[in-house]
Protein chains: 2
Amino acid sequence: MNCEMKKLYLIGMGPGKPEYLTVQAINALKQVNVFFMLEKEGRGKLELLEMRQTILTHYLGDTGYRVVMVNSPARAKTVDYQNDVQIWHDEKRALFAQLIANEMADGQIGAFLLWGDPSLYDQTVSLIADLAKHYTGKLEFEIIPGITSVQVLTAKHKIPLNRVGESITITTGRHVETCDPIEINNAVVMLDYNASFQRFTGQNMDIYWGGYLGCADEVLVSGAVDDVCDDLLRIKSEVRNEKGWLMDIYLLRRRIDGDH
Amino acid sequence: MNCEMKKLYLIGMGPGKPEYLTVQAINALKQVNVFFMLEKEGRGKLELLEMRQTILTHYLGDTGYRVVMVNSPARAKTVDYQNDVQIWHDEKRALFAQLIANEMADGQIGAFLLWGDPSLYDQTVSLIADLAKHYTGKLEFEIIPGITSVQVLTAKHKIPLNRVGESITITTGRHVETCDPIEINNAVVMLDYNASFQRFTGQNMDIYWGGYLGCADEVLVSGAVDDVCDDLLRIKSEVRNEKGWLMDIYLLRRRIDGDH
């Protein structure tokens, strides 16, 4: 690396606990001069920042690196979703450009610690790629894969992600909220704020749900959607009230002949 | 754990190199009395066994554990795919039962080192779950997530797995070989032995391909399917001839307005 080049690591830190980091991620952490920590305003913010700090302290101790904490811009919620996202991304890209310009000297290494894997429902990769294209020869970046909550979900429920020869779709609450339920056969749903699994009762489907996966407060629920739907709504409401926030995902799977 | 219980770890070891293991996986390795290594007969067999052995030696040294190597049963290839799979799984389950009975004393810990993550296109989880149900109180098992080649593919190509709000499907060569191409918008294709990406020319699609991902011989190709299809066929044939085997996956992505 030449001494004028700045380098960024986008590090997948897995679902929360230090033990989910790979050796590749730990080796990257050790080279970093400055960590950028972005969190959205909200009730989980302090706890999420604390989990990142715990990972750094666990592997690096308390000295030898800087931490820069910034509020992540919030997305406006108008009727024009695409436009809201556009503005939001422009703001985030500008913020990243500022951090790289003001907080990193030439030749230094910065890093973003990202939940799960950097590639899954996180646009940091695209935004940093845009900036790197713009600053050719001045900025390079490398992505370090991390364990996603999808992998922790199936590990904890002790199920495969797909039955023999089957496809798996990873999708959003926004999608399953409005799609034709018949098109969902085997899908992991992320970012579901409206408990859209309720749309899948009476359809011979199973659900495997996890809240706070990989964290100390992890909760698991599984069963036929018809049987567990009410319990799950109650449990979600209870844990959300208790902690003030909830991160959850689930897998919806249509039974096929021969399934129990 | 009581002293009559046998325990199995199904450990996701990532795509090959020791650095892709998580700390959770390394901690599990250290508890294991006996490692079961299954590999299919074929030209890559020795190299794949060597990669597993390198991981063990790297983290555990050469002593303090046993390694049991067995040939993995092969699936018959008749016209009746479902029946072939059924017979194949029965044979594998019987083999696992034998290994657990003959190679593990009560109270001991065994492990399967699985490529990538145990949940993705690997039926070891289901087969061991069947056995554990049968031997209640005598056999327990735990799944340790690992980095998949899907995550390495996107990391190396420096792309997100999904564009804003988009779904991603992980599917098989068997599926894309026969499906209507129009139903593929953003999909990772695994286990494609027939270069089915050729079916997606003339459709405004990009491909991000990786061979031997995460290994020393890694090869990457990306571009519009129309532009790189011929090159990719040539490269696949060259590397397969050179090594005698090929493990590859790719992502197919339909361009949307505004993409480059």
# chains A, B, ... in the order shown; residues from 1 in each chain; ligands from 1

$ interface_residues --of "chain A" --to "chain B" --cutoff "7 Å" --atoms "only C-alpha atoms" --output "number ranges by chain"
A: 19-24, 119-121, 123, 125-126, 143-147, 151-152, 154-155, 158-162, 165-172

$ select_by_dssp --residues "region 28-233 of chain B" --states "helix (DSSP H, G or I)" --output "VMD selection string"
chain B and resid 28 to 29 45 to 60 81 to 103 124 to 134 149 to 157 173 to 176 181 to 183 196 to 200 225 to 233

$ atom_distance --atom1 "CA of Gly12 (chain B)" --atom2 "CA of Lys133 (chain B)"
21.9 Å

$ residues_around --residues "Met51 (chain A)" --least-positions-apart "6" --cutoff "12 Å" --atoms "only C-alpha atoms" --output "PyMOL selection string"
chain A and resi 13-18+37+39+44-45+57-58+113-115+214-216

$ atom_distance --atom1 "CA of Leu48 (chain A)" --atom2 "CA of Ala101 (chain A)"
25.9 Å

$ residues_around --residues "Ala224 (chain B)" --least-positions-apart "3" --cutoff "8 Å" --atoms "only C-alpha atoms" --output "ChimeraX atom specification"
/B:204-207,227-228

$ write_last_selection --atoms "N, CA and C atoms" --output "PDB file, in the first residue's frame"
ATOM      1  N   ASN B 204     -29.997  -8.405 -20.642  1.00  0.00           N
ATOM      2  CA  ASN B 204     -29.628  -7.278 -19.807  1.00  0.00           C
ATOM      3  C   ASN B 204     -29.258  -7.696 -18.385  1.00  0.00           C
ATOM      4  N   MET B 205     -28.472  -8.777 -18.318  1.00  0.00           N
ATOM      5  CA  MET B 205     -28.086  -9.280 -16.996  1.00  0.00           C
ATOM      6  C   MET B 205     -26.580  -9.250 -16.810  1.00  0.00           C
ATOM      7  N   ASP B 206     -26.182  -9.060 -15.531  1.00  0.00           N
ATOM      8  CA  ASP B 206     -24.777  -9.141 -15.150  1.00  0.00           C
ATOM      9  C   ASP B 206     -24.521 -10.457 -14.423  1.00  0.00           C
ATOM     10  N   ILE B 207     -23.280 -10.906 -14.510  1.00  0.00           N
ATOM     11  CA  ILE B 207     -22.879 -12.102 -13.764  1.00  0.00           C
ATOM     12  C   ILE B 207     -21.636 -11.784 -12.941  1.00  0.00           C
ATOM     13  N   ASP B 227     -21.309 -10.076 -22.562  1.00  0.00           N
ATOM     14  CA  ASP B 227     -19.895  -9.789 -22.840  1.00  0.00           C
ATOM     15  C   ASP B 227     -18.955 -10.892 -22.381  1.00  0.00           C
ATOM     16  N   VAL B 228     -19.248 -11.526 -21.227  1.00  0.00           N
ATOM     17  CA  VAL B 228     -18.236 -12.413 -20.630  1.00  0.00           C
ATOM     18  C   VAL B 228     -18.548 -13.895 -20.790  1.00  0.00           C
TER      19      VAL B 228
END

$ residues_around --residues "region 74-78 of chain B" --least-positions-apart "3" --cutoff "9 Å" --atoms "only C-alpha atoms" --output "MDAnalysis selection string"
chainID B and resid 40:41 71 81 83:85 87:89

$ atom_distance --atom1 "CA of Ala111 (chain B)" --atom2 "CA of Thr54 (chain A)"
29.8 Å

$ residues_around --residues "Asp230 (chain B)" --least-positions-apart "4" --cutoff "12 Å" --atoms "only C-alpha atoms" --output "PyMOL selection string"
chain B and resi 195+197-198+201+221+223-226+234-237

$ closest_residue --among "B:Val70, B:Leu29, B:Ala97, B:Met190" --to "Ile55 (chain B)" --atoms "only C-alpha atoms"
B:Leu29

$ select_by_dssp --residues "region 19-140 of chain B" --states "strand (DSSP E)" --output "MDAnalysis selection string"
chainID B and resid 34:39 66:71 109:114 139:140

$ write_last_selection --atoms "all heavy atoms" --output "compact mmCIF listing (two decimals), in the first residue's frame"
# COMPACT_ATOMS: atom_id res chain seq x y z
N VAL B 34 -12.93 -36.72 18.39
CA VAL B 34 -12.77 -37.39 17.09
C VAL B 34 -13.44 -36.60 15.97
O VAL B 34 -14.59 -36.17 16.10
CB VAL B 34 -13.30 -38.85 17.16
CG1 VAL B 34 -14.73 -38.91 17.68
CG2 VAL B 34 -13.21 -39.55 15.80
N PHE B 35 -12.70 -36.37 14.90
CA PHE B 35 -13.22 -35.68 13.72
C PHE B 35 -13.56 -36.70 12.64
O PHE B 35 -12.74 -37.57 12.32
CB PHE B 35 -12.18 -34.71 13.16
CG PHE B 35 -11.92 -33.54 14.06
CD1 PHE B 35 -10.86 -33.56 14.95
CD2 PHE B 35 -12.76 -32.44 14.04
CE1 PHE B 35 -10.63 -32.48 15.80
CE2 PHE B 35 -12.53 -31.35 14.88
CZ PHE B 35 -11.47 -31.39 15.77
N PHE B 36 -14.76 -36.58 12.10
CA PHE B 36 -15.17 -37.44 10.99
C PHE B 36 -15.00 -36.69 9.69
O PHE B 36 -15.56 -35.59 9.53
CB PHE B 36 -16.62 -37.87 11.17
CG PHE B 36 -16.85 -38.63 12.44
CD1 PHE B 36 -17.70 -38.14 13.42
CD2 PHE B 36 -16.19 -39.83 12.67
CE1 PHE B 36 -17.90 -38.83 14.61
CE2 PHE B 36 -16.39 -40.53 13.85
CZ PHE B 36 -17.24 -40.03 14.83
N MET B 37 -14.20 -37.22 8.80
CA MET B 37 -13.99 -36.54 7.52
C MET B 37 -14.55 -37.40 6.41
O MET B 37 -14.06 -38.50 6.15
CB MET B 37 -12.50 -36.31 7.28
CG MET B 37 -11.91 -35.37 8.31
SD MET B 37 -10.48 -34.53 7.63
CE MET B 37 -9.87 -33.73 9.11
N LEU B 38 -15.60 -36.89 5.78
CA LEU B 38 -16.21 -37.57 4.64
C LEU B 38 -15.90 -36.79 3.39
O LEU B 38 -16.06 -35.57 3.36
CB LEU B 38 -17.72 -37.64 4.80
CG LEU B 38 -18.28 -38.70 5.76
CD1 LEU B 38 -18.11 -38.25 7.19
CD2 LEU B 38 -19.73 -38.97 5.43
N GLU B 39 -15.47 -37.47 2.38
CA GLU B 39 -15.30 -36.81 1.10
C GLU B 39 -15.77 -37.77 0.03
O GLU B 39 -15.66 -38.98 0.16
CB GLU B 39 -13.82 -36.46 0.90
CG GLU B 39 -13.36 -35.04 0.67
CD GLU B 39 -14.32 -33.87 0.84
OE1 GLU B 39 -15.24 -33.75 0.02
OE2 GLU B 39 -14.10 -33.05 1.75
N ARG B 66 -8.45 -37.62 17.28
CA ARG B 66 -8.41 -38.64 16.25
C ARG B 66 -9.12 -38.16 15.01
O ARG B 66 -10.04 -37.35 15.09
CB ARG B 66 -9.12 -39.91 16.74
CG ARG B 66 -8.26 -40.76 17.68
CD ARG B 66 -8.84 -42.15 17.85
NE ARG B 66 -10.27 -42.11 18.14
CZ ARG B 66 -11.18 -42.83 17.48
NH1 ARG B 66 -10.83 -43.62 16.48
NH2 ARG B 66 -12.45 -42.77 17.83
N VAL B 67 -8.69 -38.63 13.86
CA VAL B 67 -9.38 -38.33 12.61
C VAL B 67 -9.85 -39.65 11.99
O VAL B 67 -9.05 -40.58 11.86
CB VAL B 67 -8.46 -37.59 11.62
CG1 VAL B 67 -9.13 -37.45 10.25
CG2 VAL B 67 -8.07 -36.22 12.17
N VAL B 68 -11.12 -39.74 11.67
CA VAL B 68 -11.64 -40.93 10.98
C VAL B 68 -12.07 -40.51 9.58
O VAL B 68 -12.95 -39.65 9.43
CB VAL B 68 -12.83 -41.53 11.74
CG1 VAL B 68 -13.43 -42.71 10.97
CG2 VAL B 68 -12.41 -41.95 13.15
N MET B 69 -11.40 -41.08 8.59
CA MET B 69 -11.76 -40.73 7.21
C MET B 69 -12.61 -41.83 6.60
O MET B 69 -12.27 -43.01 6.71
CB MET B 69 -10.50 -40.59 6.37
CG MET B 69 -9.65 -39.42 6.81
SD MET B 69 -8.51 -38.93 5.51
CE MET B 69 -7.43 -37.84 6.46
N VAL B 70 -13.71 -41.44 5.99
CA VAL B 70 -14.56 -42.42 5.31
C VAL B 70 -15.01 -41.86 3.97
O VAL B 70 -15.15 -40.65 3.82
CB VAL B 70 -15.82 -42.78 6.14
CG1 VAL B 70 -15.51 -43.87 7.16
CG2 VAL B 70 -16.41 -41.56 6.82
N ASN B 71 -15.23 -42.75 3.05
CA ASN B 71 -15.80 -42.33 1.77
C ASN B 71 -17.26 -41.99 1.95
O ASN B 71 -18.01 -42.73 2.58
CB ASN B 71 -15.69 -43.45 0.73
CG ASN B 71 -14.28 -43.56 0.20
OD1 ASN B 71 -13.51 -42.60 0.21
ND2 ASN B 71 -13.92 -44.76 -0.24
N ILE B 109 -16.94 -36.33 22.47
CA ILE B 109 -17.41 -35.32 21.53
C ILE B 109 -16.83 -35.60 20.14
O ILE B 109 -15.62 -35.77 20.00
CB ILE B 109 -17.00 -33.91 22.00
CG1 ILE B 109 -17.67 -33.60 23.35
CG2 ILE B 109 -17.37 -32.86 20.95
CD1 ILE B 109 -17.33 -32.23 23.91
N GLY B 110 -17.69 -35.70 19.16
CA GLY B 110 -17.28 -35.88 17.78
C GLY B 110 -17.62 -34.64 16.96
O GLY B 110 -18.37 -33.78 17.42
N ALA B 111 -17.05 -34.55 15.79
CA ALA B 111 -17.37 -33.38 14.95
C ALA B 111 -17.28 -33.69 13.47
O ALA B 111 -16.46 -34.50 13.04
CB ALA B 111 -16.43 -32.22 15.27
N PHE B 112 -18.15 -33.06 12.72
CA PHE B 112 -18.05 -33.02 11.27
C PHE B 112 -17.62 -31.62 10.87
O PHE B 112 -18.23 -30.64 11.29
CB PHE B 112 -19.41 -33.32 10.62
CG PHE B 112 -19.88 -34.73 10.81
CD1 PHE B 112 -20.67 -35.07 11.90
CD2 PHE B 112 -19.52 -35.71 9.91
CE1 PHE B 112 -21.10 -36.38 12.07
CE2 PHE B 112 -19.95 -37.03 10.08
CZ PHE B 112 -20.74 -37.37 11.16
N LEU B 113 -16.54 -31.54 10.11
CA LEU B 113 -16.12 -30.25 9.54
C LEU B 113 -16.82 -30.09 8.21
O LEU B 113 -16.57 -30.85 7.28
CB LEU B 113 -14.62 -30.22 9.32
CG LEU B 113 -13.71 -30.22 10.54
CD1 LEU B 113 -12.25 -30.10 10.10
CD2 LEU B 113 -14.06 -29.05 11.45
N LEU B 114 -17.71 -29.11 8.09
CA LEU B 114 -18.50 -28.96 6.88
C LEU B 114 -18.08 -27.71 6.12
O LEU B 114 -17.85 -26.65 6.71
CB LEU B 114 -19.99 -28.90 7.25
CG LEU B 114 -20.49 -30.13 8.04
CD1 LEU B 114 -21.91 -29.90 8.54
CD2 LEU B 114 -20.43 -31.40 7.20
N LEU B 139 -27.69 -38.79 22.57
CA LEU B 139 -26.96 -38.06 21.53
C LEU B 139 -27.50 -36.64 21.43
O LEU B 139 -28.71 -36.44 21.26
CB LEU B 139 -27.12 -38.76 20.17
CG LEU B 139 -26.47 -38.07 18.96
CD1 LEU B 139 -24.96 -38.08 19.08
CD2 LEU B 139 -26.90 -38.74 17.65
N GLU B 140 -26.62 -35.66 21.57
CA GLU B 140 -27.03 -34.28 21.32
C GLU B 140 -26.09 -33.68 20.28
O GLU B 140 -25.00 -34.20 20.05
CB GLU B 140 -27.02 -33.46 22.61
CG GLU B 140 -25.67 -33.41 23.30
CD GLU B 140 -25.66 -32.45 24.49
OE1 GLU B 140 -26.68 -31.82 24.78
OE2 GLU B 140 -24.59 -32.34 25.13

$ residues_around --residues "Met104 (chain A)" --least-positions-apart "2" --cutoff "10 Å" --atoms "only C-alpha atoms" --output "MDAnalysis selection string"
chainID A and resid 6:8 33:34 98:102 106:110

$ decode --residues "region 154-189 of chain A" --atoms "N, CA, C and O atoms" --output "PDB file, in the first residue's frame"
ATOM      1  N   THR A 154     -30.774 -20.580  11.604  1.00  0.00           N
ATOM      2  CA  THR A 154     -30.871 -22.006  11.262  1.00  0.00           C
ATOM      3  C   THR A 154     -30.044 -22.862  12.220  1.00  0.00           C
ATOM      4  O   THR A 154     -30.462 -23.963  12.580  1.00  0.00           O
ATOM      5  N   ALA A 155     -28.894 -22.339  12.662  1.00  0.00           N
ATOM      6  CA  ALA A 155     -28.062 -23.107  13.602  1.00  0.00           C
ATOM      7  C   ALA A 155     -28.814 -23.340  14.912  1.00  0.00           C
ATOM      8  O   ALA A 155     -28.840 -24.458  15.433  1.00  0.00           O
ATOM      9  N   LYS A 156     -29.454 -22.296  15.428  1.00  0.00           N
ATOM     10  CA  LYS A 156     -30.128 -22.416  16.717  1.00  0.00           C
ATOM     11  C   LYS A 156     -31.385 -23.284  16.624  1.00  0.00           C
ATOM     12  O   LYS A 156     -31.735 -23.992  17.556  1.00  0.00           O
ATOM     13  N   HIS A 157     -32.070 -23.210  15.485  1.00  0.00           N
ATOM     14  CA  HIS A 157     -33.255 -24.062  15.303  1.00  0.00           C
ATOM     15  C   HIS A 157     -32.873 -25.461  14.810  1.00  0.00           C
ATOM     16  O   HIS A 157     -33.735 -26.323  14.663  1.00  0.00           O
ATOM     17  N   LYS A 158     -31.585 -25.645  14.514  1.00  0.00           N
ATOM     18  CA  LYS A 158     -31.081 -26.948  14.056  1.00  0.00           C
ATOM     19  C   LYS A 158     -31.812 -27.449  12.808  1.00  0.00           C
ATOM     20  O   LYS A 158     -32.236 -28.611  12.728  1.00  0.00           O
ATOM     21  N   ILE A 159     -31.954 -26.542  11.864  1.00  0.00           N
ATOM     22  CA  ILE A 159     -32.593 -26.889  10.587  1.00  0.00           C
ATOM     23  C   ILE A 159     -31.696 -26.485   9.427  1.00  0.00           C
ATOM     24  O   ILE A 159     -30.881 -25.570   9.553  1.00  0.00           O
ATOM     25  N   PRO A 160     -31.848 -27.173   8.278  1.00  0.00           N
ATOM     26  CA  PRO A 160     -31.144 -26.699   7.084  1.00  0.00           C
ATOM     27  C   PRO A 160     -31.880 -25.487   6.497  1.00  0.00           C
ATOM     28  O   PRO A 160     -33.071 -25.286   6.755  1.00  0.00           O
ATOM     29  N   LEU A 161     -31.163 -24.698   5.728  1.00  0.00           N
ATOM     30  CA  LEU A 161     -31.761 -23.518   5.104  1.00  0.00           C
ATOM     31  C   LEU A 161     -32.649 -23.938   3.934  1.00  0.00           C
ATOM     32  O   LEU A 161     -33.611 -23.254   3.586  1.00  0.00           O
ATOM     33  N   ASN A 162     -32.319 -25.074   3.346  1.00  0.00           N
ATOM     34  CA  ASN A 162     -33.157 -25.575   2.249  1.00  0.00           C
ATOM     35  C   ASN A 162     -33.275 -27.084   2.312  1.00  0.00           C
ATOM     36  O   ASN A 162     -32.335 -27.783   2.655  1.00  0.00           O
ATOM     37  N   ARG A 163     -34.464 -27.563   1.995  1.00  0.00           N
ATOM     38  CA  ARG A 163     -34.663 -28.994   1.854  1.00  0.00           C
ATOM     39  C   ARG A 163     -34.006 -29.436   0.545  1.00  0.00           C
ATOM     40  O   ARG A 163     -33.482 -28.588  -0.202  1.00  0.00           O
ATOM     41  N   VAL A 164     -34.033 -30.732   0.252  1.00  0.00           N
ATOM     42  CA  VAL A 164     -33.274 -31.265  -0.891  1.00  0.00           C
ATOM     43  C   VAL A 164     -33.557 -30.504  -2.192  1.00  0.00           C
ATOM     44  O   VAL A 164     -34.699 -30.423  -2.637  1.00  0.00           O
ATOM     45  N   GLY A 165     -32.498 -29.935  -2.777  1.00  0.00           N
ATOM     46  CA  GLY A 165     -32.605 -29.297  -4.090  1.00  0.00           C
ATOM     47  C   GLY A 165     -33.411 -28.013  -4.124  1.00  0.00           C
ATOM     48  O   GLY A 165     -33.617 -27.435  -5.192  1.00  0.00           O
ATOM     49  N   GLU A 166     -33.861 -27.552  -2.970  1.00  0.00           N
ATOM     50  CA  GLU A 166     -34.792 -26.423  -2.894  1.00  0.00           C
ATOM     51  C   GLU A 166     -34.049 -25.078  -2.943  1.00  0.00           C
ATOM     52  O   GLU A 166     -32.916 -24.976  -2.517  1.00  0.00           O
ATOM     53  N   SER A 167     -34.732 -24.040  -3.439  1.00  0.00           N
ATOM     54  CA  SER A 167     -34.195 -22.684  -3.376  1.00  0.00           C
ATOM     55  C   SER A 167     -34.587 -22.033  -2.055  1.00  0.00           C
ATOM     56  O   SER A 167     -35.542 -22.442  -1.404  1.00  0.00           O
ATOM     57  N   ILE A 168     -33.831 -21.011  -1.666  1.00  0.00           N
ATOM     58  CA  ILE A 168     -34.189 -20.208  -0.489  1.00  0.00           C
ATOM     59  C   ILE A 168     -34.158 -18.742  -0.903  1.00  0.00           C
ATOM     60  O   ILE A 168     -33.250 -18.324  -1.618  1.00  0.00           O
ATOM     61  N   THR A 169     -35.160 -17.996  -0.485  1.00  0.00           N
ATOM     62  CA  THR A 169     -35.177 -16.570  -0.777  1.00  0.00           C
ATOM     63  C   THR A 169     -35.011 -15.803   0.526  1.00  0.00           C
ATOM     64  O   THR A 169     -35.597 -16.165   1.540  1.00  0.00           O
ATOM     65  N   ILE A 170     -34.186 -14.771   0.474  1.00  0.00           N
ATOM     66  CA  ILE A 170     -34.077 -13.862   1.619  1.00  0.00           C
ATOM     67  C   ILE A 170     -34.776 -12.581   1.199  1.00  0.00           C
ATOM     68  O   ILE A 170     -34.464 -12.011   0.150  1.00  0.00           O
ATOM     69  N   THR A 171     -35.759 -12.171   1.968  1.00  0.00           N
ATOM     70  CA  THR A 171     -36.562 -11.034   1.548  1.00  0.00           C
ATOM     71  C   THR A 171     -36.914 -10.132   2.735  1.00  0.00           C
ATOM     72  O   THR A 171     -36.434 -10.349   3.844  1.00  0.00           O
ATOM     73  N   THR A 172     -37.726  -9.133   2.469  1.00  0.00           N
ATOM     74  CA  THR A 172     -38.010  -8.124   3.493  1.00  0.00           C
ATOM     75  C   THR A 172     -39.464  -8.194   3.967  1.00  0.00           C
ATOM     76  O   THR A 172     -40.345  -8.692   3.258  1.00  0.00           O
ATOM     77  N   GLY A 173     -39.696  -7.656   5.165  1.00  0.00           N
ATOM     78  CA  GLY A 173     -41.059  -7.525   5.660  1.00  0.00           C
ATOM     79  C   GLY A 173     -41.904  -6.729   4.678  1.00  0.00           C
ATOM     80  O   GLY A 173     -43.066  -7.076   4.410  1.00  0.00           O
ATOM     81  N   ARG A 174     -41.306  -5.682   4.127  1.00  0.00           N
ATOM     82  CA  ARG A 174     -41.991  -4.866   3.113  1.00  0.00           C
ATOM     83  C   ARG A 174     -42.548  -5.727   1.973  1.00  0.00           C
ATOM     84  O   ARG A 174     -43.637  -5.461   1.455  1.00  0.00           O
ATOM     85  N   HIS A 175     -41.794  -6.746   1.573  1.00  0.00           N
ATOM     86  CA  HIS A 175     -42.247  -7.622   0.486  1.00  0.00           C
ATOM     87  C   HIS A 175     -43.356  -8.587   0.943  1.00  0.00           C
ATOM     88  O   HIS A 175     -44.404  -8.677   0.306  1.00  0.00           O
ATOM     89  N   VAL A 176     -43.141  -9.293   2.034  1.00  0.00           N
ATOM     90  CA  VAL A 176     -44.144 -10.299   2.431  1.00  0.00           C
ATOM     91  C   VAL A 176     -45.436  -9.661   2.940  1.00  0.00           C
ATOM     92  O   VAL A 176     -46.473 -10.316   3.022  1.00  0.00           O
ATOM     93  N   GLU A 177     -45.366  -8.381   3.249  1.00  0.00           N
ATOM     94  CA  GLU A 177     -46.556  -7.646   3.691  1.00  0.00           C
ATOM     95  C   GLU A 177     -47.586  -7.526   2.565  1.00  0.00           C
ATOM     96  O   GLU A 177     -48.777  -7.408   2.811  1.00  0.00           O
ATOM     97  N   THR A 178     -47.104  -7.527   1.316  1.00  0.00           N
ATOM     98  CA  THR A 178     -48.016  -7.264   0.199  1.00  0.00           C
ATOM     99  C   THR A 178     -48.019  -8.358  -0.872  1.00  0.00           C
ATOM    100  O   THR A 178     -48.907  -8.372  -1.717  1.00  0.00           O
ATOM    101  N   CYS A 179     -47.042  -9.268  -0.850  1.00  0.00           N
ATOM    102  CA  CYS A 179     -46.970 -10.261  -1.937  1.00  0.00           C
ATOM    103  C   CYS A 179     -48.097 -11.276  -1.832  1.00  0.00           C
ATOM    104  O   CYS A 179     -48.752 -11.385  -0.796  1.00  0.00           O
ATOM    105  N   ASP A 180     -48.315 -12.014  -2.895  1.00  0.00           N
ATOM    106  CA  ASP A 180     -49.263 -13.117  -2.845  1.00  0.00           C
ATOM    107  C   ASP A 180     -48.636 -14.228  -2.001  1.00  0.00           C
ATOM    108  O   ASP A 180     -47.564 -14.739  -2.353  1.00  0.00           O
ATOM    109  N   PRO A 181     -49.276 -14.620  -0.888  1.00  0.00           N
ATOM    110  CA  PRO A 181     -48.659 -15.617   0.003  1.00  0.00           C
ATOM    111  C   PRO A 181     -48.246 -16.906  -0.723  1.00  0.00           C
ATOM    112  O   PRO A 181     -47.287 -17.559  -0.324  1.00  0.00           O
ATOM    113  N   ILE A 182     -48.914 -17.236  -1.794  1.00  0.00           N
ATOM    114  CA  ILE A 182     -48.636 -18.488  -2.496  1.00  0.00           C
ATOM    115  C   ILE A 182     -47.228 -18.509  -3.096  1.00  0.00           C
ATOM    116  O   ILE A 182     -46.649 -19.571  -3.330  1.00  0.00           O
ATOM    117  N   GLU A 183     -46.639 -17.306  -3.304  1.00  0.00           N
ATOM    118  CA  GLU A 183     -45.297 -17.290  -3.890  1.00  0.00           C
ATOM    119  C   GLU A 183     -44.183 -17.549  -2.868  1.00  0.00           C
ATOM    120  O   GLU A 183     -43.019 -17.659  -3.235  1.00  0.00           O
ATOM    121  N   ILE A 184     -44.551 -17.613  -1.596  1.00  0.00           N
ATOM    122  CA  ILE A 184     -43.548 -17.889  -0.562  1.00  0.00           C
ATOM    123  C   ILE A 184     -43.547 -19.374  -0.213  1.00  0.00           C
ATOM    124  O   ILE A 184     -44.545 -19.912   0.272  1.00  0.00           O
ATOM    125  N   ASN A 185     -42.435 -20.062  -0.480  1.00  0.00           N
ATOM    126  CA  ASN A 185     -42.337 -21.482  -0.155  1.00  0.00           C
ATOM    127  C   ASN A 185     -41.266 -21.770   0.886  1.00  0.00           C
ATOM    128  O   ASN A 185     -41.417 -22.641   1.719  1.00  0.00           O
ATOM    129  N   ASN A 186     -40.185 -21.021   0.793  1.00  0.00           N
ATOM    130  CA  ASN A 186     -39.058 -21.205   1.699  1.00  0.00           C
ATOM    131  C   ASN A 186     -38.312 -19.881   1.715  1.00  0.00           C
ATOM    132  O   ASN A 186     -37.546 -19.601   0.801  1.00  0.00           O
ATOM    133  N   ALA A 187     -38.583 -19.049   2.709  1.00  0.00           N
ATOM    134  CA  ALA A 187     -38.038 -17.690   2.676  1.00  0.00           C
ATOM    135  C   ALA A 187     -37.669 -17.201   4.066  1.00  0.00           C
ATOM    136  O   ALA A 187     -38.389 -17.442   5.038  1.00  0.00           O
ATOM    137  N   VAL A 188     -36.524 -16.541   4.141  1.00  0.00           N
ATOM    138  CA  VAL A 188     -36.133 -15.842   5.363  1.00  0.00           C
ATOM    139  C   VAL A 188     -36.603 -14.402   5.227  1.00  0.00           C
ATOM    140  O   VAL A 188     -36.362 -13.761   4.199  1.00  0.00           O
ATOM    141  N   VAL A 189     -37.294 -13.912   6.252  1.00  0.00           N
ATOM    142  CA  VAL A 189     -37.814 -12.550   6.221  1.00  0.00           C
ATOM    143  C   VAL A 189     -37.045 -11.695   7.221  1.00  0.00           C
ATOM    144  O   VAL A 189     -36.952 -12.037   8.399  1.00  0.00           O
TER     145      VAL A 189
END
